[in-house]
$ cat data-v7.pdb   # PDB, C-alpha atoms
MODEL        1
ATOM      1  CA  MET E   1       0.000   0.000   0.000
ATOM      2  CA  LYS E   2       2.812   2.408   0.898
ATOM      3  CA  LYS E   3       4.460   1.703  -2.443
ATOM      4  CA  THR E   4       1.196   2.616  -4.192
ATOM      5  CA  ILE E   5       0.929   5.790  -2.130
ATOM      6  CA  LEU E   6       4.502   6.698  -3.067
ATOM      7  CA  VAL E   7       3.721   6.301  -6.774
ATOM      8  CA  TYR E   8       0.859   8.773  -6.372
ATOM      9  CA  LEU E   9       3.085  11.141  -4.424
ATOM     10  CA  LEU E  10       5.768  11.087  -7.068
ATOM     11  CA  SER E  11       3.183  11.727  -9.760
ATOM     12  CA  ILE E  12       1.922  14.749  -7.862
ATOM     13  CA  LEU E  13       5.457  16.031  -7.401
ATOM     14  CA  SER E  14       6.020  15.739 -11.139
ATOM     15  CA  LEU E  15       2.786  17.571 -11.878
ATOM     16  CA  ASN E  16       3.629  20.237  -9.322
ATOM     17  CA  PHE E  17       6.953  20.813 -11.048
ATOM     18  CA  LEU E  18       5.245  21.042 -14.433
ATOM     19  CA  LEU E  19       2.578  23.368 -13.079
ATOM     20  CA  ASN E  20       5.204  25.801 -11.851
ATOM     21  CA  LYS E  21       6.702  25.749 -15.340
ATOM     22  CA  ALA E  22       3.289  26.159 -16.927
ATOM     23  CA  LEU E  23       2.658  29.344 -15.034
ATOM     24  CA  ASN E  24       5.802  30.817 -16.586
ATOM     25  CA  ALA E  25       5.919  29.213 -20.042
ATOM     26  CA  GLN E  26       2.995  29.236 -22.483
ATOM     27  CA  HIS E  27       4.196  26.241 -24.526
ATOM     28  CA  ILE E  28       3.636  23.812 -21.611
ATOM     29  CA  GLU E  29      -0.011  22.791 -21.749
ATOM     30  CA  VAL E  30      -0.808  21.987 -18.110
ATOM     31  CA  SER E  31      -3.686  23.741 -16.383
ATOM     32  CA  GLU E  32      -3.913  24.538 -12.685
ATOM     33  CA  LYS E  33      -7.415  23.066 -12.704
ATOM     34  CA  GLU E  34      -6.162  19.698 -14.008
ATOM     35  CA  PHE E  35      -3.420  19.571 -11.395
ATOM     36  CA  TYR E  36      -5.715  20.194  -8.448
ATOM     37  CA  GLU E  37      -8.297  17.760  -9.786
ATOM     38  CA  LEU E  38      -5.670  14.993  -9.730
ATOM     39  CA  LYS E  39      -4.431  16.006  -6.284
ATOM     40  CA  GLU E  40      -7.997  16.018  -4.941
ATOM     41  CA  HIS E  41      -8.483  12.520  -6.380
ATOM     42  CA  PHE E  42      -5.280  11.333  -4.679
ATOM     43  CA  ASP E  43      -6.322  12.830  -1.335
ATOM     44  CA  GLN E  44      -9.715  11.133  -1.551
ATOM     45  CA  GLN E  45      -8.138   7.743  -2.266
ATOM     46  CA  ASN E  46      -5.209   7.821   0.155
ATOM     47  CA  GLY E  47      -5.515  10.860   2.409
ATOM     48  CA  PRO E  48      -3.237  13.924   2.228
ATOM     49  CA  ASP E  49       0.467  13.249   2.828
ATOM     50  CA  TYR E  50       2.734  16.286   2.846
ATOM     51  CA  ASN E  51       5.959  14.613   3.988
ATOM     52  CA  LEU E  52       7.289  13.895   0.512
ATOM     53  CA  LEU E  53       5.554  16.915  -0.984
ATOM     54  CA  ASN E  54       7.361  19.363   1.291
ATOM     55  CA  GLY E  55      10.529  19.727  -0.793
ATOM     56  CA  ARG E  56      12.171  21.780  -3.511
ATOM     57  CA  GLN E  57      13.909  20.983  -6.769
ATOM     58  CA  TYR E  58      17.554  19.936  -6.336
ATOM     59  CA  GLU E  59      20.139  22.014  -8.168
ATOM     60  CA  ARG E  60      23.693  20.729  -8.522
ATOM     61  CA  LEU E  61      26.747  22.768  -9.442
ATOM     62  CA  ASN E  62      28.629  21.815 -12.603
ATOM     63  CA  SER E  63      31.750  20.308 -11.047
ATOM     64  CA  GLY E  64      33.228  18.230 -13.849
ATOM     65  CA  ASN E  65      34.045  14.672 -12.837
ATOM     66  CA  SER E  66      33.554  15.351  -9.125
ATOM     67  CA  HIS E  67      30.266  15.169  -7.247
ATOM     68  CA  PRO E  68      28.899  15.969  -3.750
ATOM     69  CA  PHE E  69      27.357  12.547  -3.060
ATOM     70  CA  PHE E  70      28.074   9.697  -0.676
ATOM     71  CA  ASN E  71      29.966   6.883  -2.449
ATOM     72  CA  THR E  72      28.501   7.440  -5.934
ATOM     73  CA  GLU E  73      26.467   9.938  -7.927
ATOM     74  CA  GLN E  74      24.099   7.151  -9.023
ATOM     75  CA  TYR E  75      20.673   7.117  -7.394
ATOM     76  CA  ARG E  76      19.811   3.764  -5.823
ATOM     77  CA  PRO E  77      16.990   2.203  -3.798
ATOM     78  CA  GLY E  78      16.883   3.154  -0.135
ATOM     79  CA  SER E  79      14.422   3.638   2.684
ATOM     80  CA  ILE E  80      13.326   6.768   4.540
ATOM     81  CA  VAL E  81      11.360   7.474   7.702
ATOM     82  CA  LEU E  82       9.756  10.936   7.713
ATOM     83  CA  LYS E  83       7.840  11.950  10.817
ATOM     84  CA  GLY E  84       7.348   8.290  11.672
ATOM     85  CA  GLN E  85       6.119   7.328   8.176
ATOM     86  CA  ALA E  86       8.270   4.686   6.422
ATOM     87  CA  TYR E  87       8.922   4.718   2.650
ATOM     88  CA  GLU E  88      10.669   1.618   1.287
ATOM     89  CA  ASN E  89      12.627   1.012  -1.915
ATOM     90  CA  VAL E  90      12.688   4.626  -3.106
ATOM     91  CA  PRO E  91      15.443   6.041  -5.381
ATOM     92  CA  ILE E  92      17.570   8.424  -3.312
ATOM     93  CA  ASN E  93      21.043   9.895  -3.015
ATOM     94  CA  TYR E  94      22.831  11.630  -0.143
ATOM     95  CA  ASP E  95      24.590  14.973  -0.744
ATOM     96  CA  ILE E  96      27.237  14.964   2.009
ATOM     97  CA  HIS E  97      28.492  18.460   1.187
ATOM     98  CA  ASP E  98      25.171  20.181   1.909
ATOM     99  CA  GLN E  99      23.783  17.410   4.132
ATOM    100  CA  GLN E 100      20.750  16.908   1.904
ATOM    101  CA  LEU E 101      18.773  13.792   1.059
ATOM    102  CA  ILE E 102      17.594  13.819  -2.560
ATOM    103  CA  LEU E 103      14.606  11.914  -3.933
ATOM    104  CA  GLN E 104      14.571  11.027  -7.648
ATOM    105  CA  TYR E 105      11.272  10.583  -9.444
ATOM    106  CA  PRO E 106      10.275  10.130 -13.088
ATOM    107  CA  GLY E 107       9.250  13.106 -15.175
ATOM    108  CA  ILE E 108       6.142  13.032 -17.334
ATOM    109  CA  SER E 109       6.452  13.022 -21.109
ATOM    110  CA  GLY E 110       3.700  13.806 -23.575
ATOM    111  CA  ASN E 111       1.784  16.883 -24.610
ATOM    112  CA  THR E 112       3.070  18.792 -21.597
ATOM    113  CA  GLY E 113       6.360  19.408 -23.365
ATOM    114  CA  ASN E 114       8.403  17.689 -20.655
ATOM    115  CA  SER E 115      11.168  15.459 -22.009
ATOM    116  CA  GLY E 116      10.435  12.794 -19.399
ATOM    117  CA  GLN E 117      13.793  13.440 -17.715
ATOM    118  CA  ASP E 118      13.990  12.317 -14.108
ATOM    119  CA  LEU E 119      13.394  15.108 -11.613
ATOM    120  CA  LYS E 120      15.009  15.450  -8.181
ATOM    121  CA  ILE E 121      13.599  16.845  -4.953
ATOM    122  CA  VAL E 122      15.436  17.920  -1.790
ATOM    123  CA  LEU E 123      13.546  16.353   1.106
ATOM    124  CA  ASN E 124      12.912  18.564   4.110
ATOM    125  CA  ARG E 125      15.745  17.621   6.471
ATOM    126  CA  ALA E 126      13.753  18.607   9.559
ATOM    127  CA  LEU E 127      11.166  15.921   8.739
ATOM    128  CA  ILE E 128      13.654  13.063   8.273
ATOM    129  CA  ASP E 129      14.038  10.762  11.276
ATOM    130  CA  HIS E 130      16.504   8.395   9.626
ATOM    131  CA  PHE E 131      17.241   6.691   6.308
ATOM    132  CA  GLN E 132      19.162   3.769   4.824
ATOM    133  CA  ILE E 133      21.340   3.741   1.722
ATOM    134  CA  ASP E 134      23.981   1.235   0.548
ATOM    135  CA  GLY E 135      22.920  -0.984   3.454
ATOM    136  CA  LEU E 136      23.970   1.675   5.985
ATOM    137  CA  SER E 137      21.768   3.490   8.493
ATOM    138  CA  PHE E 138      21.844   7.253   8.990
ATOM    139  CA  ARG E 139      20.208   9.349  11.693
ATOM    140  CA  ARG E 140      19.529  13.072  11.826
ATOM    141  CA  ILE E 141      21.095  14.743  14.861
ATOM    142  CA  SER E 142      20.952  18.430  15.766
ATOM    143  CA  GLU E 143      23.838  20.076  17.590
ATOM    144  CA  PRO E 144      24.070  23.733  18.721
ATOM    145  CA  GLU E 145      27.572  24.043  17.263
ATOM    146  CA  THR E 146      27.158  22.205  13.941
ATOM    147  CA  GLY E 147      23.412  22.465  13.329
ATOM    148  CA  SER E 148      21.447  19.557  11.879
ATOM    149  CA  SER E 149      23.429  16.800  10.118
ATOM    150  CA  PHE E 150      23.133  13.147   9.206
ATOM    151  CA  PHE E 151      25.309  10.625  11.011
ATOM    152  CA  GLN E 152      25.960   7.018  10.054
ATOM    153  CA  VAL E 153      25.016   4.781  12.965
ATOM    154  CA  LEU E 154      27.910   2.421  13.674
ATOM    155  CA  SER E 155      26.722   1.227  17.081
ATOM    156  CA  SER E 156      24.141   2.321  19.615
ATOM    157  CA  GLY E 157      23.847   1.844  23.355
ATOM    158  CA  HIS E 158      24.783   3.600  26.583
ATOM    159  CA  ILE E 159      27.516   5.207  24.471
ATOM    160  CA  SER E 160      26.867   5.261  20.717
ATOM    161  CA  CYS E 161      29.348   5.613  17.864
ATOM    162  CA  PHE E 162      28.570   7.633  14.735
ATOM    163  CA  LEU E 163      30.388   8.616  11.553
ATOM    164  CA  ARG E 164      29.806  11.978   9.898
ATOM    165  CA  TRP E 165      30.669  12.052   6.189
ATOM    166  CA  GLU E 166      31.506  15.223   4.281
ATOM    167  CA  LYS E 167      33.043  16.720   1.166
ATOM    168  CA  THR E 168      34.633  20.138   0.690
ATOM    169  CA  LEU E 169      33.768  22.343  -2.296
ATOM    170  CA  PHE E 170      36.662  24.184  -3.924
ATOM    171  CA  HIS E 171      36.151  26.932  -6.480
ATOM    172  CA  SER E 172      38.498  29.030  -8.558
ATOM    173  CA  THR E 173      37.975  31.882 -11.007
ATOM    174  CA  ALA E 174      40.040  32.256 -14.159
ATOM    175  CA  SER E 175      39.257  34.595 -17.049
ATOM    176  CA  GLY E 176      35.982  35.453 -15.359
ATOM    177  CA  ILE E 177      34.846  31.812 -15.317
ATOM    178  CA  THR E 178      34.288  30.047 -12.000
ATOM    179  CA  SER E 179      34.946  26.309 -11.804
ATOM    180  CA  TYR E 180      33.966  23.983  -8.973
ATOM    181  CA  THR E 181      35.497  20.773  -7.659
ATOM    182  CA  TYR E 182      34.450  18.549  -4.769
ATOM    183  CA  SER E 183      37.044  16.845  -2.605
ATOM    184  CA  LYS E 184      37.141  13.126  -1.868
ATOM    185  CA  GLN E 185      34.750  12.115   0.875
ATOM    186  CA  SER E 186      36.088  12.065   4.409
ATOM    187  CA  ARG E 187      34.649  11.214   7.771
ATOM    188  CA  GLU E 188      34.750  12.176  11.416
ATOM    189  CA  VAL E 189      34.145   9.807  14.316
ATOM    190  CA  TYR E 190      31.772  10.822  17.112
ATOM    191  CA  LEU E 191      30.644   9.281  20.377
ATOM    192  CA  GLN E 192      27.292  10.154  21.893
ATOM    193  CA  LYS E 193      26.709   9.956  25.632
ATOM    194  CA  GLU E 194      23.584  11.177  27.407
ATOM    195  CA  GLY E 195      22.478  12.958  24.241
ATOM    196  CA  LYS E 196      25.730  14.886  23.794
ATOM    197  CA  LEU E 197      28.147  14.403  20.879
ATOM    198  CA  PHE E 198      31.903  14.118  21.426
ATOM    199  CA  PRO E 199      34.295  14.347  18.444
ATOM    200  CA  VAL E 200      36.962  11.634  18.460
ATOM    201  CA  LYS E 201      40.350  12.705  17.132
ATOM    202  CA  ASN E 202      42.632  10.278  18.946
ATOM    203  CA  SER E 203      42.813   7.645  21.682
ATOM    204  CA  ALA E 204      42.746  10.246  24.448
ATOM    205  CA  SER E 205      39.530  11.899  23.246
ATOM    206  CA  PHE E 206      37.924   8.452  22.819
ATOM    207  CA  THR E 207      38.752   7.061  26.256
ATOM    208  CA  SER E 208      37.842  10.325  28.025
ATOM    209  CA  VAL E 209      34.158   9.756  27.231
ATOM    210  CA  PHE E 210      34.081   6.519  29.237
ATOM    211  CA  ASP E 211      34.033   6.082  32.984
ATOM    212  CA  GLU E 212      37.465   6.254  34.576
ATOM    213  CA  ALA E 213      37.135   2.673  35.821
ATOM    214  CA  PHE E 214      37.226   1.392  32.206
ATOM    215  CA  GLN E 215      39.799   3.717  30.667
ATOM    216  CA  LYS E 216      42.857   1.569  31.440
ATOM    217  CA  ASP E 217      41.390  -1.494  29.680
ATOM    218  CA  ILE E 218      40.260   0.601  26.709
ATOM    219  CA  LYS E 219      43.719   2.160  26.310
ATOM    220  CA  ALA E 220      45.296  -1.310  26.392
ATOM    221  CA  PHE E 221      42.879  -2.506  23.671
ATOM    222  CA  LEU E 222      43.683   0.502  21.485
ATOM    223  CA  ARG E 223      47.435  -0.135  21.797
ATOM    224  CA  ARG E 224      47.085  -3.865  21.194
ATOM    225  CA  GLU E 225      44.925  -3.418  18.074
ATOM    226  CA  LYS E 226      46.950  -0.393  16.864
ATOM    227  CA  ILE E 227      43.813   1.626  16.171
ATOM    228  CA  ASN E 228      44.366   5.010  14.551
ATOM    229  CA  PHE E 229      41.074   6.922  14.412
ATOM    230  CA  ARG E 230      42.094   8.808  11.294
ATOM    231  CA  ASN E 231      42.136   5.676   9.125
ATOM    232  CA  ALA E 232      40.564   2.922  11.237
ATOM    233  CA  SER E 233      38.153   0.715   9.308
ATOM    234  CA  GLU E 234      34.517   0.461  10.280
ATOM    235  CA  LYS E 235      35.188  -3.153  11.296
ATOM    236  CA  GLN E 236      37.917  -2.019  13.713
ATOM    237  CA  LEU E 237      35.676   0.673  15.194
ATOM    238  CA  LEU E 238      32.815  -1.777  15.625
ATOM    239  CA  GLU E 239      35.097  -4.294  17.356
ATOM    240  CA  LEU E 240      36.310  -1.504  19.636
ATOM    241  CA  MET E 241      32.752  -0.513  20.551
ATOM    242  CA  ASN E 242      31.814  -4.157  21.179
ATOM    243  CA  PHE E 243      34.801  -4.447  23.527
ATOM    244  CA  CYS E 244      33.671  -1.333  25.395
ATOM    245  CA  VAL E 245      30.131  -2.730  25.701
ATOM    246  CA  GLU E 246      31.498  -5.936  27.214
ATOM    247  CA  LEU E 247      33.134  -3.855  29.945
ATOM    248  CA  ARG E 248      29.590  -2.833  30.972
ATOM    249  CA  PRO E 249      27.525  -6.019  30.656
ATOM    250  CA  GLU E 250      24.609  -4.348  32.461
ATOM    251  CA  ASP E 251      24.099  -2.085  29.412
TER     252      ASP E 251
ENDMDL
END
$ encode --input "data-v7.pdb" --output "structure tokens"
Amino acid sequence: MKKTILVYLLSILSLNFLLNKALNAQHIEVSEKEFYELKEHFDQQNGPDYNLLNGRQYERLNSGNSHPFFNTEQYRPGSIVLKGQAYENVPINYDIHDQQLILQYPGISGNTGNSGQDLKIVLNRALIDHFQIDGLSFRRISEPETGSSFFQVLSSGHISCFLRWEKTLFHSTASGITSYTYSKQSREVYLQKEGKLFPVKNSASFTSVFDEAFQKDIKAFLRREKINFRNASEKQLLELMNFCVELRPED
């Protein structure tokens, strides 16, 4: 049923996009009356749902061979939870430069003048509880210092471990022409304790988050496994967190 609802939602998004164009271009033959008739029909069949409708068209800078996305610029099936409502198997991508989740949906071809090219919508970040892409889970977390961002959930518990992915945008101007290039993706490790985020730069900043009674054992584990937080694999970080959990079996 949710998949059927999503198809209707995407159709309405496409029509909404075309309607905005129609109001500014005479050659696109879409009437406001037709649009609202279809939306009214959808609302009668499924009830109004504004979660996926509350977005704007995604605009991407021309950056040559680079891109702002997580892992790949290709859109792929993922899942989203918006205000408690789950949407499964939807084509999405994650812009880690601007911390935006992008929904791709098919355009409409025909007498409207649209080429049928896929359209892309920026989902309202404030409505997103969490999402999954490439088999990984991401959660939205708001911090006074950094604002609202998405964090990959590596482990959760009394003390949780998150990864924050990002890319830097570089631009240069030559002969009056500005060119843009995105960096390779990088990550930062965070621990969360009692709702507060702690950036992890090294062994000292990691162990300081834990109770003093466990710090000696954690330091010994870090030395034994030769964990460097700058380039530690996700497997190493997960094994570290599992070790820390075992120190507190009551959690």
$ resolve_selection --input "data-v7.pdb" --expression "the PyMOL selection byres ((chain E and resi 63) around 10)" --output "number ranges by chain"
E: 60-62, 64-68, 169-171, 179-182
$ residues_around --input "data-v7.pdb" --residues "Asn231 in chain E" --least-positions-apart "2" --cutoff "12 Å" --atoms "all atoms listed in the file" --output "list in words"
Ser186, Arg187, Glu188, Val189, Lys201, Asn202, Lys226, Ile227, Asn228, Phe229, Ser233, Glu234, Lys235, Gln236 and Leu237 of chain E
$ atom_distance --input "data-v7.pdb" --atom1 "CA of Lys196 in chain E" --atom2 "CA of Leu163 in chain E"
14.5 Å
$ resolve_selection --input "data-v7.pdb" --expression "the PyMOL selection byres ((chain E and resi 207-210) around 12)" --output "NGL selection string"
:E and (158-161 or 190-194 or 196-206 or 211-222 or 240-241 or 244-245 or 247-248)
$ resolve_selection --input "data-v7.pdb" --expression "the PyMOL selection byres ((chain E and resi 152) around 8)" --output "PyMOL selection string"
chain E and resi 136-139+150-151+153-154+162-165
$ closest_residue --input "data-v7.pdb" --among "E:Asp118, E:Ile141, E:Leu238, E:Ala232" --to "Ser155 in chain E" --atoms "only C-alpha atoms"
E:Leu238
$ atom_distance --input "data-v7.pdb" --atom1 "CA of Arg56 in chain E" --atom2 "CA of Glu88 in chain E"
20.8 Å
$ closest_residue --input "data-v7.pdb" --among "E:Phe69, E:Gly176, E:Phe243, E:Ser142" --to "His97 in chain E" --atoms "all atoms listed in the file"
E:Phe69
$ axis_aligned_box --input "data-v7.pdb" --around "range 122-140 of chain E" --padding-each-side "6 Å" --output "AutoDock Vina command-line options"
--center_x 17.6 --center_y 8.8 --center_z 5.0 --size_x 24.8 --size_y 31.6 --size_z 25.6
$ closest_residue --input "data-v7.pdb" --among "E:Glu59, E:Asp95, E:Glu225, E:Glu143" --to "Gln185 in chain E" --atoms "only C-alpha atoms"
E:Asp95
$ residues_around --input "data-v7.pdb" --residues "Gly84 in chain E" --least-positions-apart "2" --cutoff "9 Å" --atoms "all atoms listed in the file" --output "VMD selection string"
chain E and resid 81 to 82 86 128 to 129
$ write_last_selection --input "data-v7.pdb" --atoms "C-alpha atoms" --output "short mmCIF file (atom, residue, chain, number, x, y, z; two decimals), in the coordinates of the input"
data_model
loop_
_atom_site.label_atom_id
_atom_site.label_comp_id
_atom_site.auth_asym_id
_atom_site.auth_seq_id
_atom_site.Cartn_x
_atom_site.Cartn_y
_atom_site.Cartn_z
CA VAL E 81 11.36 7.47 7.70
CA LEU E 82 9.76 10.94 7.71
CA ALA E 86 8.27 4.69 6.42
CA ILE E 128 13.65 13.06 8.27
CA ASP E 129 14.04 10.76 11.28
#
$ atom_distance --input "data-v7.pdb" --atom1 "CA of Ser183 in chain E" --atom2 "CA of Gln132 in chain E"
23.4 Å
